[in-house]
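Worksheet for the structure shown next.
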Amino acid sequence: MARQTFPEALSSRPWMLADGATGTNYFMMGLQSGDAPEMWNFEHTDRVRSLHKQFIEAGADIILTNTFGGNRHRLKLHDGQDKVHAVNVAAAKLARAEADAYTARQIFVAGSIGPTGEIFMPVGAFPYEEGVTAFAEQAAALKDGGVDVLWIETMSSEDELKAAVEGASQAGLPIVTTMSFD
């Protein structure tokens, strides 16, 4: 099977199916409220890989890395702000291993990038430039781990989305974005 890039696949197919409900599934697998799912990339690699495999077997063409809270501002809630590179590379490699092990069709690995949890200026005190830096750091680590595309998801602030795209674009990978509204 000839391997396509993510943009080639998008242009040659009418649709692609991404996985979903990762957090819900991790809770059913034993994640406790308040725990950082990203630490499972070290502590429960078997569970992380198992969920990726289940999504692939269910028909997902795109699996997202276990890095939704993998930026330094979210990881600092668990004293992990200095583990951004390690967390994101580990997660990408776990997803990549399952994607590459599946031979029936090509599976794409998307590097999940979620919000910082900070409130951007002028409403809050968080500078835009710090957001760009944080997202660039996470995106670079995801690229180092071997993702095909960066998946900026569940943003609710236009400023944070812009900072995420600006930072992530420095990695030179395709970018998908989603927003969430109340």
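Labeling convention for the structure tokens: chains A, B, ... as they appear, residues from 1 per chain, ligands from 1 in order of appearance.
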I'd like to know which residues of stretch 1-169 of chain A are strand (DSSP E) (by DSSP, run on the backbone); could you write them as a ChimeraX atom specification?
/A:62-64,108-113,149-155
Residues of stretch 90-139 of chain A that approach stretch 4-22 of chain A to 10 Å or less, counting only C-alpha atoms: could you list each one with the shortest pair of atoms and its distance in Å to one decimal, rows by chain and increasing residue number, as a tab-separated table?
residue	atom	partner	partner_atom	distance
A:Gln106	CA	A:Gln4	CA	8.1
A:Ile107	CA	A:Phe6	CA	9.7
A:Phe108	CA	A:Phe6	CA	7.1
A:Val109	CA	A:Phe6	CA	9.3
A:Ala110	CA	A:Ala18	CA	9.0
Wanna dump the stretch 60-115 of chain A-stretch 138-153 of chain A contacts at 7 Å for me, each residue with its shortest atom pair and the distance in Å to one decimal, counting only C-alpha atoms, ordered by chain and number, as a Markdown table?
| residue | atom | partner | partner_atom | distance |
| --- | --- | --- | --- | --- |
| A:Gly70 | CA | A:Gln138 | CA | 6.9 |
| A:Asn71 | CA | A:Gln138 | CA | 5.7 |
| A:Val84 | CA | A:Gln138 | CA | 6.4 |
| A:His85 | CA | A:Ala141 | CA | 5.0 |
| A:Asn88 | CA | A:Leu142 | CA | 5.3 |
| A:Val89 | CA | A:Gly145 | CA | 4.2 |
| A:Ala90 | CA | A:Gly145 | CA | 6.8 |
| A:Ala92 | CA | A:Gly145 | CA | 4.8 |
| A:Lys93 | CA | A:Gly145 | CA | 5.4 |
| A:Arg96 | CA | A:Gly146 | CA | 6.8 |
| A:Phe108 | CA | A:Asp148 | CA | 6.1 |
| A:Val109 | CA | A:Val147 | CA | 5.1 |
| A:Ala110 | CA | A:Val149 | CA | 4.8 |
| A:Gly111 | CA | A:Leu150 | CA | 4.7 |
| A:Ser112 | CA | A:Trp151 | CA | 4.9 |
| A:Ile113 | CA | A:Ile152 | CA | 4.7 |
| A:Gly114 | CA | A:Glu153 | CA | 5.3 |
Suppose we keep C-alpha atoms; can you now write the selection as a PDB file, in the first residue's frame?
ATOM      1  CA  GLY A  70       0.054  18.248  26.818  1.00  0.00           C
ATOM      2  CA  ASN A  71       1.065  21.904  26.861  1.00  0.00           C
ATOM      3  CA  VAL A  84       6.211  18.699  27.513  1.00  0.00           C
ATOM      4  CA  HIS A  85       8.641  17.124  25.064  1.00  0.00           C
ATOM      5  CA  ASN A  88       4.158  14.485  23.567  1.00  0.00           C
ATOM      6  CA  VAL A  89       6.863  12.321  21.985  1.00  0.00           C
ATOM      7  CA  ALA A  90       5.782   9.308  24.059  1.00  0.00           C
ATOM      8  CA  ALA A  92       2.914  10.201  19.431  1.00  0.00           C
ATOM      9  CA  LYS A  93       5.065   7.073  19.419  1.00  0.00           C
ATOM     10  CA  ARG A  96       2.259   5.724  15.641  1.00  0.00           C
ATOM     11  CA  PHE A 108      -3.105   8.799  10.279  1.00  0.00           C
ATOM     12  CA  VAL A 109      -1.831  10.009  13.636  1.00  0.00           C
ATOM     13  CA  ALA A 110      -3.062  13.432  14.719  1.00  0.00           C
ATOM     14  CA  GLY A 111      -1.246  15.289  17.474  1.00  0.00           C
ATOM     15  CA  SER A 112      -3.962  16.487  19.841  1.00  0.00           C
ATOM     16  CA  ILE A 113      -3.446  20.061  21.057  1.00  0.00           C
ATOM     17  CA  GLY A 114      -6.003  21.386  23.526  1.00  0.00           C
TER      18      GLY A 114
END
When you look at A:Asn41 with a cut-off of 8 Å (counting only C-alpha atoms), what residues show up, excluding the ones that are within fewer than 4 positions of it in the same chain? I need them as a ChimeraX atom specification.
/A:37,45,48,66,87,90-91,94
DSSP helix (DSSP H, G or I) residues within stretch 11-161 of chain A, listed as a ChimeraX atom specification
/A:11-12,22-28,37-43,45-57,72-78,81-101,128-145,158-161
Who sits within 12 Å of A:Phe126, only C-alpha atoms, same chain under 4 positions skipped, as a ChimeraX atom specification:
/A:73,116-122,130-132,134,159-160,163
Would you list the contacts of stretch 52-56 of chain A as an NGL selection string, taking every protein, DNA or RNA residue within 7 Å and counting only C-alpha atoms, but skipping same-chain residues closer than 5 positions in sequence?
:A and (19 or 61 or 63 or 95 or 98)
Restrict the selected residues to C-alpha atoms and save them as a compact mmCIF listing (two decimals), in the first residue's frame.
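The resulting out-v2.txt:
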# COMPACT_ATOMS: atom_id res chain seq x y z
CA ASP A 19 -11.64 8.79 16.82
CA ASP A 61 -8.83 6.63 9.84
CA ILE A 63 -6.29 8.51 15.80
CA ALA A 95 -0.23 6.12 18.50
CA GLU A 98 -0.65 1.16 16.54
Measuring between only C-alpha atoms, which one of A:Arg47, A:Lys162, A:Arg74, A:Arg3 shows the shortest distance to A:Pro115?
A:Arg74
For each of A:Arg105, A:Met179, A:Asp35, A:Gly124, take the minimum atom-to-atom distance to A:Ala2, counting only C-alpha atoms, then give the residue where this is smallest.
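Closest to A:Ala2 of all the choices is A:Arg105.
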